[in-house]
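Q: If you scroll down you'll find the structure; I have some questions about it.
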Amino acid sequence: MKQVVVAILICVLSCQNASIQKPSDIAAVIKEGDKIAIDTKEVLKSDLILNQLEGIWYYHNQPYNGYSLKYHENDTLMEKLGFYKGKRQGIAQRWSENGVLRMVSYYHQNRLTGQYKSFWDNGNLALQVSYENGKKQGEEQQWYSNGELSKLLWFKDGVEDGIQKAWLPNGKLYVNYEAKNGRIFGMMRANSCYKLDNETVIKEN
């Protein structure tokens, strides 16, 4: 009887843990696993051959396991990508010619997963969005190089879904609409007095 109770408790606790796991947690698990799975070997990106039908990158006729490197003309590192069994896996990074990190993202089986970030050459954050199974999910934020917010977008399964807004460098709102079920409601204009109610545009008082 005690064994049955213990088994039930283990199942319940396991389900509870699974239910609260966030996409960011999943990405972290993938990244942690990649540290073990991906070989530390590094080769030039130009030495890899992509079989487009398979979606597999080969090195010496074998699916590549390791990292590929690409360099700027001044010999500074431009790009570092991870591969496992020939597919994009783990971290992907790109730098400018002066060594500033311009992009960092993560892959799982050739598909973007977790948080994607890009940066201006001054180091300020330019874009931040999350991916699940290769598709944008949730909030996407974009900034001007001075750090001012330029866009605030929402996605569901890679498609715009929700209130979409954009601002001019002077802070003036110039895009404001709601996307739902592949349709756009409201005007691309600077006021915020419109909203969607049962897929009908109504004006707020």
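Letters A, B, ... go to the chains of the structure tokens in the order shown; residues in each chain start at 1; ligands are counted from 1 in the same order.
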Please provide as a PyMOL selection string all residues within 8 Å of Gly66 of chain A, with the sequence filter that same-chain residues fewer than 6 positions apart are discarded (counting only C-alpha atoms).
A: chain A and resi 38-43+82-84
Q: Hey, can you spit out that residue selection with N, CA, C and O atoms as a compact mmCIF listing (two decimals), in the first residue's frame?
A:
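Heads up, here's the output in result-v5.txt:
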# COMPACT_ATOMS: atom_id res chain seq x y z
N ILE A 38 27.21 18.70 -27.88
CA ILE A 38 27.96 19.30 -28.98
C ILE A 38 29.46 19.18 -28.75
O ILE A 38 29.96 19.54 -27.69
N ASP A 39 30.14 18.66 -29.74
CA ASP A 39 31.59 18.52 -29.68
C ASP A 39 32.23 19.91 -29.64
O ASP A 39 31.70 20.86 -30.20
N THR A 40 33.35 20.04 -28.98
CA THR A 40 34.04 21.33 -28.89
C THR A 40 34.83 21.66 -30.16
O THR A 40 35.41 22.73 -30.26
N LYS A 41 34.81 20.75 -31.11
CA LYS A 41 35.53 20.96 -32.37
C LYS A 41 35.00 22.20 -33.08
O LYS A 41 33.81 22.49 -33.06
N GLU A 42 35.91 22.95 -33.72
CA GLU A 42 35.55 24.16 -34.47
C GLU A 42 36.13 24.09 -35.87
O GLU A 42 37.31 23.76 -36.04
N VAL A 43 35.30 24.37 -36.87
CA VAL A 43 35.76 24.40 -38.26
C VAL A 43 35.21 25.67 -38.92
O VAL A 43 34.28 26.30 -38.41
N GLY A 82 26.38 26.43 -33.49
CA GLY A 82 26.48 25.07 -32.98
C GLY A 82 25.72 24.08 -33.86
O GLY A 82 24.67 24.41 -34.42
N PHE A 83 26.26 22.85 -33.98
CA PHE A 83 25.62 21.79 -34.75
C PHE A 83 25.68 20.48 -33.98
O PHE A 83 26.65 20.21 -33.27
N TYR A 84 24.64 19.67 -34.15
CA TYR A 84 24.63 18.35 -33.56
C TYR A 84 23.96 17.39 -34.54
O TYR A 84 22.83 17.63 -34.96
Q: Name all residues at most 9 Å from Gly134 of chain A (count only C-alpha atoms; drop same-chain ones fewer than 6 positions away) and give them as a ChimeraX atom specification.
A: /A:107-108,110-113,157-158
Q: Would you write out, as a Markdown table, a table of all residues in segment 130-156 of chain A that have an atom no more than 10 Å from an atom of segment 166-190 of chain A, listing for each the closest atom pair and the distance in Å to one decimal, considering only C-alpha atoms and ordering rows by chain and rising residue number?
A:
| residue | atom | partner | partner_atom | distance |
| --- | --- | --- | --- | --- |
| A:Gln141 | CA | A:Ala166 | CA | 9.8 |
| A:Gln142 | CA | A:Ala166 | CA | 9.0 |
| A:Trp143 | CA | A:Pro169 | CA | 9.5 |
| A:Tyr144 | CA | A:Pro169 | CA | 7.2 |
| A:Ser145 | CA | A:Pro169 | CA | 9.8 |
| A:Asn146 | CA | A:Pro169 | CA | 9.2 |
| A:Glu148 | CA | A:Pro169 | CA | 7.4 |
| A:Leu149 | CA | A:Trp167 | CA | 7.2 |
| A:Ser150 | CA | A:Trp167 | CA | 4.9 |
| A:Lys151 | CA | A:Ala166 | CA | 4.2 |
| A:Leu152 | CA | A:Ala166 | CA | 6.3 |
| A:Leu153 | CA | A:Ala166 | CA | 8.3 |
| A:Trp154 | CA | A:Ala179 | CA | 8.7 |
| A:Phe155 | CA | A:Ala179 | CA | 9.2 |
| A:Lys156 | CA | A:Lys180 | CA | 9.8 |
Q: Could you tell me how far atom CA of Ser46 of chain A lies from atom CA of Lys135 of chain A, in Å and to one decimal?
A: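 Atom CA of Ser46 of chain A sits 27.5 Å away from atom CA of Lys135 of chain A.
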Q: Quick one: pick out all strand (DSSP E or B) residues within segment 70-171 of chain A from a backbone DSSP run and write them as a PyMOL selection string.
A: chain A and resi 70-71+77-84+87-95+101-108+111-112+114-119+125-132+135-143+149-156+159-160+162-167
